[in-house]
file work11.txt (compact mmCIF, C-alpha atoms)
# COMPACT_ATOMS: atom_id res chain seq x y z
CA MET U 16 -27.98 9.78 36.02
CA ARG U 17 -24.29 9.32 35.27
CA TRP U 18 -25.07 5.94 33.72
CA VAL U 19 -27.78 7.45 31.52
CA ALA U 20 -25.40 10.22 30.39
CA ALA U 21 -22.72 7.69 29.50
CA VAL U 22 -25.19 5.69 27.39
CA ALA U 23 -26.27 8.88 25.64
CA LEU U 24 -22.67 9.78 24.81
CA LEU U 25 -22.03 6.32 23.38
CA GLY U 26 -25.13 6.70 21.25
CA LEU U 27 -23.87 9.99 19.85
CA TRP U 28 -20.46 8.44 19.08
CA ALA U 29 -22.17 5.71 17.04
CA LEU U 30 -23.94 8.19 14.76
CA PRO U 31 -22.69 8.32 11.13
CA GLY U 32 -21.45 11.91 11.48
CA GLY U 33 -18.39 10.66 13.34
CA CYS U 34 -17.43 8.28 10.55
CA ALA U 35 -16.06 5.78 13.10
CA LYS U 36 -16.12 2.14 11.98
CA GLN U 37 -15.78 -1.33 13.40
CA GLU U 38 -12.21 -2.52 13.92
CA THR U 39 -12.27 -5.95 12.37
CA GLY U 40 -14.26 -8.25 10.11
CA GLU U 41 -16.11 -7.79 6.84
CA PRO U 42 -17.65 -4.46 5.84
CA GLY U 43 -20.91 -3.58 7.60
CA GLY U 44 -24.40 -4.37 6.34
CA GLN U 45 -26.02 -2.58 3.42
CA ALA U 46 -28.08 -0.21 5.59
CA GLY U 47 -25.11 0.65 7.80
CA GLU U 48 -22.76 1.30 4.90
CA ALA U 49 -25.36 3.50 3.20
CA GLY U 50 -25.52 5.61 6.36
CA TRP U 51 -21.74 6.03 6.50
CA ALA U 52 -21.67 6.85 2.78
CA ALA U 53 -24.30 9.57 3.24
CA ALA U 54 -22.32 11.01 6.15
CA CYS U 55 -19.31 11.26 3.83
CA GLY U 56 -21.31 12.92 1.04
CA LEU U 57 -21.94 9.85 -1.15
CA GLU U 58 -25.17 8.31 -2.39
CA SER U 59 -23.88 4.77 -1.86
CA ALA U 60 -20.96 2.89 -0.37
CA GLU U 61 -20.76 0.87 -3.60
CA ALA U 62 -18.74 2.50 -6.37
CA LEU U 63 -17.24 1.83 -9.78
CA VAL U 64 -13.48 2.32 -10.05
CA VAL U 65 -12.58 4.06 -13.29
CA ARG U 66 -8.82 4.24 -12.82
CA ALA U 67 -6.04 3.50 -10.38
CA SER U 68 -3.91 6.63 -10.53
CA ASP U 69 -1.34 5.09 -8.19
CA GLY U 70 -0.94 2.00 -6.07
CA ASP U 71 -2.88 3.57 -3.20
CA THR U 72 -5.18 6.04 -5.01
CA LEU U 73 -8.34 5.38 -7.03
CA LEU U 74 -10.60 7.48 -9.24
CA LEU U 75 -14.31 6.65 -9.01
CA GLU U 76 -16.97 7.04 -11.69
CA SER U 77 -18.52 9.76 -9.51
CA GLY U 78 -15.36 11.84 -9.88
CA ASN U 79 -14.31 11.28 -6.28
CA ARG U 80 -10.74 10.24 -5.60
CA VAL U 81 -10.11 7.60 -2.94
CA ARG U 82 -6.95 7.34 -0.84
CA LEU U 83 -6.64 3.84 0.62
CA ILE U 84 -6.49 3.97 4.42
CA GLY U 85 -3.43 2.60 6.20
CA VAL U 86 -1.22 1.73 3.22
CA ASP U 87 1.52 3.69 1.46
CA THR U 88 2.83 2.40 -1.87
CA PRO U 89 6.03 3.62 -3.57
CA GLU U 90 5.55 6.85 -5.55
CA THR U 91 5.09 6.99 -9.31
CA HIS U 92 3.56 10.47 -9.82
CA HIS U 93 5.00 12.56 -6.99
CA PRO U 94 5.80 16.13 -8.18
CA GLU U 95 9.12 16.19 -6.30
CA LEU U 96 10.22 12.54 -6.33
CA PRO U 97 11.33 10.18 -9.10
CA VAL U 98 9.48 6.92 -9.66
CA GLN U 99 10.38 4.78 -6.67
CA ARG U 100 11.39 1.13 -6.73
CA PHE U 101 8.33 -1.12 -6.93
CA GLY U 102 6.01 1.83 -7.57
CA GLU U 103 5.07 0.61 -11.05
CA GLU U 104 4.45 -2.91 -9.76
CA ALA U 105 2.19 -1.59 -6.99
CA SER U 106 0.23 0.50 -9.48
CA ALA U 107 -0.14 -2.49 -11.81
CA PHE U 108 -1.43 -4.64 -8.93
CA THR U 109 -4.09 -2.07 -8.03
CA ARG U 110 -5.10 -1.59 -11.67
CA LYS U 111 -5.50 -5.33 -12.12
CA HIS U 112 -7.59 -5.79 -9.00
CA ALA U 113 -9.69 -2.61 -8.99
CA GLU U 114 -10.01 -0.89 -12.37
CA GLY U 115 -13.41 -1.42 -13.95
CA ARG U 116 -14.66 -3.19 -10.82
CA ARG U 117 -17.51 -2.34 -8.51
CA VAL U 118 -16.10 -2.04 -5.00
CA GLN U 119 -17.45 -1.54 -1.50
CA LEU U 120 -16.14 1.44 0.45
CA GLU U 121 -15.70 1.26 4.20
CA PHE U 122 -14.87 4.51 5.96
CA GLY U 123 -12.52 5.10 8.88
CA PRO U 124 -12.22 7.82 11.52
CA GLU U 125 -12.17 10.61 8.89
CA CYS U 126 -14.10 10.88 5.63
CA ARG U 127 -11.60 12.94 3.65
CA ASP U 128 -7.98 14.05 3.79
CA LYS U 129 -6.65 17.59 3.39
CA TYR U 130 -6.64 17.16 -0.40
CA GLY U 131 -10.35 16.33 -0.47
CA ARG U 132 -9.83 12.66 -1.26
CA LEU U 133 -12.12 10.10 0.33
CA LEU U 134 -10.35 7.97 2.92
CA ALA U 135 -11.57 4.40 2.73
CA TYR U 136 -10.95 0.71 3.06
CA VAL U 137 -11.78 -0.77 -0.34
CA TRP U 138 -13.33 -4.24 -0.60
CA VAL U 139 -13.14 -6.07 -3.94
CA ASP U 140 -15.09 -9.34 -4.09
CA GLY U 141 -14.73 -9.78 -0.33
CA GLU U 142 -10.99 -9.04 -0.28
CA LEU U 143 -9.62 -5.92 1.42
CA LEU U 144 -7.42 -4.23 -1.19
CA ASN U 145 -5.58 -2.09 1.38
CA ARG U 146 -4.39 -5.17 3.26
CA SER U 147 -3.63 -7.19 0.12
CA LEU U 148 -1.19 -4.53 -1.09
CA ILE U 149 0.70 -4.74 2.21
CA ARG U 150 0.62 -8.52 2.61
CA ARG U 151 1.89 -9.10 -0.94
CA GLY U 152 4.77 -6.65 -0.52
CA TYR U 153 3.48 -3.78 -2.67
CA GLY U 154 3.17 -1.23 0.14
CA TYR U 155 3.98 -0.24 3.70
CA ALA U 156 1.63 -0.26 6.68
CA MET U 157 1.18 3.37 7.69
CA THR U 158 1.45 3.98 11.43
CA ARG U 159 1.68 7.76 11.49
CA PHE U 160 -2.11 8.10 11.42
CA PRO U 161 -3.77 5.45 13.64
CA HIS U 162 -6.85 3.72 12.25
CA PRO U 163 -9.04 0.77 13.30
CA ARG U 164 -7.17 -1.86 11.25
CA MET U 165 -3.64 -0.64 11.89
CA ASP U 166 -2.49 -3.61 14.01
CA ASP U 167 -3.72 -6.04 11.36
CA PHE U 168 -1.90 -4.12 8.62
CA VAL U 169 1.33 -4.01 10.64
CA ALA U 170 1.10 -7.80 11.05
CA ALA U 171 0.56 -8.15 7.29
CA GLU U 172 3.72 -6.12 6.60
CA ARG U 173 5.66 -8.24 9.06
CA GLU U 174 4.58 -11.36 7.15
CA ALA U 175 5.59 -9.82 3.81
CA ARG U 176 9.01 -8.88 5.21
CA GLN U 177 9.60 -12.33 6.68
CA ARG U 178 8.60 -14.07 3.45
CA ARG U 179 10.47 -11.46 1.38
CA TYR U 180 7.51 -10.74 -0.84
CA GLY U 181 7.48 -7.98 -3.42
CA MET U 182 9.64 -5.00 -2.53
CA TRP U 183 11.09 -6.88 0.46
CA ALA U 184 12.85 -9.35 -1.85
CA ASP U 185 16.54 -8.82 -2.62
CA SER U 186 16.93 -7.35 -6.08
CA PRO U 187 19.83 -6.33 -8.35
CA THR U 188 17.89 -3.11 -9.01
CA ASP U 189 17.76 -2.05 -5.38
CA GLY U 190 18.90 1.58 -5.13
CA ARG U 191 20.73 0.88 -1.88
CA LEU U 192 23.02 -1.54 -3.70
CA ALA U 193 23.69 1.02 -6.43
CA ASN U 194 24.58 3.60 -3.77
CA LEU U 195 27.16 1.27 -2.26
CA ALA U 196 28.67 0.64 -5.69
CA HIS U 197 28.96 4.39 -6.31
CA ARG U 198 30.84 4.65 -3.00
CA TRP U 199 33.20 1.77 -3.79
CA ASP U 200 36.34 3.83 -3.16
CA GLN U 201 35.09 4.72 0.32
CA LEU U 202 34.47 1.13 1.38
CA SER U 203 36.96 -0.84 3.45
CA PRO U 204 38.47 -4.08 2.10
CA GLU U 205 35.93 -5.96 4.20
CA GLY U 206 33.16 -3.82 2.69
CA HIS U 207 34.43 -4.69 -0.81
CA ARG U 208 34.38 -8.39 0.06
CA GLN U 209 30.85 -8.30 1.50
CA LEU U 210 29.47 -6.30 -1.43
CA ASP U 211 31.05 -8.70 -3.94
CA GLU U 212 29.59 -11.70 -2.12
CA TYR U 213 26.17 -10.09 -1.90
CA TRP U 214 26.23 -9.13 -5.58
CA ASP U 215 27.29 -12.64 -6.64
CA GLY U 216 24.43 -14.09 -4.59
CA LEU U 217 21.94 -11.79 -6.28
CA LEU U 218 23.16 -12.80 -9.72
CA ARG U 219 22.75 -16.47 -8.82
CA SER U 220 19.17 -15.86 -7.66
CA HIS U 221 18.35 -13.62 -10.66
CA PRO U 222 19.96 -15.42 -13.62
CA ALA U 223 17.84 -13.45 -16.10
CA PHE U 224 19.71 -10.35 -15.02
CA GLY U 225 22.75 -12.02 -16.51
CA ALA U 226 25.75 -10.26 -17.93
CA ALA U 227 24.01 -6.87 -17.81
CA GLY U 228 24.45 -6.91 -14.06
CA ALA U 229 28.12 -7.81 -14.19
CA ALA U 230 28.92 -4.20 -15.07
CA GLY U 231 28.05 -3.35 -11.46
CA ALA U 232 25.19 -2.34 -9.24
CA ALA U 233 25.32 1.26 -10.43
CA GLY U 234 24.08 0.22 -13.86
CA ALA U 235 21.42 -1.93 -12.27
CA ALA U 236 19.77 1.01 -10.56
CA GLY U 237 18.02 2.10 -13.73
CA ALA U 238 16.78 -1.32 -14.79
CA ALA U 239 13.31 -2.72 -14.25
CA GLY U 240 12.54 -3.97 -10.73
CA ALA U 241 12.63 -7.65 -9.89
CA ALA U 242 9.60 -9.03 -8.03
CA GLY U 243 9.32 -11.56 -5.27
CA ALA U 244 5.54 -11.44 -4.94
CA PRO U 245 3.56 -14.39 -3.62
CA PRO U 246 1.36 -16.39 -6.02
CA GLU U 247 -2.03 -14.85 -6.84

call {"tool": "encode", "arguments": {"input": "work11.txt", "output": "C-alpha cells"}}
result
Amino acid sequence: MRWVAAVALLGLWALPGGCAKQETGEPGGQAGEAGWAAACGLESAEALVVRASDGDTLLLESGNRVRLIGVDTPETHHPELPVQRFGEEASAFTRKHAEGRRVQLEFGPECRDKYGRLLAYVWVDGELLNRSLIRRGYGYAMTRFPHPRMDDFVAAEREARQRRYGMWADSPTDGRLANLAHRWDQLSPEGHRQLDEYWDGLLRSHPAFGAAGAAGAAGAAGAAGAAGAPPE
C-alpha cells in the first residue's frame, strides 16, 4: 500500500498544474508543452515576440510579458536605478535574437512572478536564450531562486568570466575604475601606481578610446561601454 501511495503522489507531481519541468535537454514534445502552456493560462507554448523591453524581459503578441528564468541582465529601465553598464548591450542582444521571432516557451517551477509576468525558458531556433545571455557575458546566473537549469547557468557564467566575455571584460568605462579615480587623494602611493598601471594597460587594449581616456577614468564613466563578447 505504501508503494501504491508513493506512485500516486509521483503521478500528481507530474500533472501540469505544478508547472514542474525536466532539468536538462531540449524543450518537451508538442503535446507536453501544450499541456504546460494551458496550465499557465496560454493557448500554446509557441509565441511571437513583439518587443524586448529589457535584456531579460519580453513582450509577446498575446500581451503577456515574459521574464526569462535564471538570468539577470543589467538594468536599463529601472525606476530607481540609472542605466547600468552593459545594460544597453544586453537589451540589443535580446532584441536581435528574439524580436519578431516565433519562440518556444518552457516553464519552470512557477508560471508567473509577483508582477504577473510569465516565467519561462525561451528557445529560439533550438537555442536557449536565457543561457546564451549568460554564456556570452550579457547577464548573471541568478541563484537566489533555484530552478531546474541553475547549475548549467552557473557553469555558463563561470565560462564567461574565465574568457572575459561581455561585461566581464576589462573596460575603460567600468564604473569601479571611475570610483577609484574620484578617490585619488585617498589612495596610497602604491594605490596610485597600481591604478596608473591598470589604466595604461586598458588604453593599450582599447586604442579606440584614445586621448579621450587620458583625461582620467572619471570622464570614462559616462562613455559608451566597451564589449568583449564572443563571436556570434

call {"tool": "atom_distance", "arguments": {"input": "work11.txt", "atom1": "CA of Ala49 in chain U", "atom2": "CA of Val65 in chain U"}}
result
20.9 Å

call {"tool": "closest_atom_pairs", "arguments": {"input": "work11.txt", "of": "range 121-144 of chain U", "to": "range 162-166 of chain U", "cutoff": "12 Å", "atoms": "only C-alpha atoms", "output": "JSON lines"}}
result
{"residue": "U:Glu121", "atom": "CA", "partner": "U:Pro163", "partner_atom": "CA", "distance": 11.3}
{"residue": "U:Phe122", "atom": "CA", "partner": "U:Pro163", "partner_atom": "CA", "distance": 10.1}
{"residue": "U:Gly123", "atom": "CA", "partner": "U:His162", "partner_atom": "CA", "distance": 6.7}
{"residue": "U:Pro124", "atom": "CA", "partner": "U:His162", "partner_atom": "CA", "distance": 6.8}
{"residue": "U:Glu125", "atom": "CA", "partner": "U:His162", "partner_atom": "CA", "distance": 9.3}
{"residue": "U:Leu134", "atom": "CA", "partner": "U:His162", "partner_atom": "CA", "distance": 10.8}
{"residue": "U:Ala135", "atom": "CA", "partner": "U:His162", "partner_atom": "CA", "distance": 10.6}
{"residue": "U:Tyr136", "atom": "CA", "partner": "U:Arg164", "partner_atom": "CA", "distance": 9.4}
{"residue": "U:Leu143", "atom": "CA", "partner": "U:Arg164", "partner_atom": "CA", "distance": 10.9}

call {"tool": "atom_distance", "arguments": {"input": "work11.txt", "atom1": "CA of Cys126 in chain U", "atom2": "CA of Gly152 in chain U"}}
result
26.5 Å

call {"tool": "axis_aligned_box", "arguments": {"input": "work11.txt", "around": "range 165-173 of chain U", "padding_each_side": "6 Å", "output": "AutoDock Vina command-line options"}}
result
--center_x 1.0 --center_y -4.4 --center_z 10.3 --size_x 21.4 --size_y 19.6 --size_z 19.4

call {"tool": "closest_residue", "arguments": {"input": "work11.txt", "among": "U:Leu83, U:Leu202, U:Leu210, U:Leu133", "to": "Gly56 in chain U", "atoms": "only C-alpha atoms"}}
result
U:Leu133

call {"tool": "closest_residue", "arguments": {"input": "work11.txt", "among": "U:Ala171, U:Cys55, U:Glu61, U:Leu75", "to": "Gly115 in chain U", "atoms": "only C-alpha atoms"}}
result
U:Leu75

call {"tool": "atom_distance", "arguments": {"input": "work11.txt", "atom1": "CA of Ala60 in chain U", "atom2": "CA of Glu114 in chain U"}}
result
16.7 Å

call {"tool": "closest_residue", "arguments": {"input": "work11.txt", "among": "U:Pro204, U:Gly102, U:Gly154, U:Gly78", "to": "Leu57 in chain U", "atoms": "all atoms listed in the file"}}
result
U:Gly78

call {"tool": "closest_residue", "arguments": {"input": "work11.txt", "among": "U:Ser59, U:Ser68, U:Thr88, U:Asn79", "to": "Tyr155 in chain U", "atoms": "all atoms listed in the file"}}
result
U:Thr88

call {"tool": "closest_residue", "arguments": {"input": "work11.txt", "among": "U:His112, U:Arg176, U:Arg66, U:Arg82", "to": "Asp128 in chain U", "atoms": "only C-alpha atoms"}}
result
U:Arg82

call {"tool": "closest_residue", "arguments": {"input": "work11.txt", "among": "U:Gly85, U:Gly181, U:Gly131, U:Gly50", "to": "Ala156 in chain U", "atoms": "all atoms listed in the file"}}
result
U:Gly85
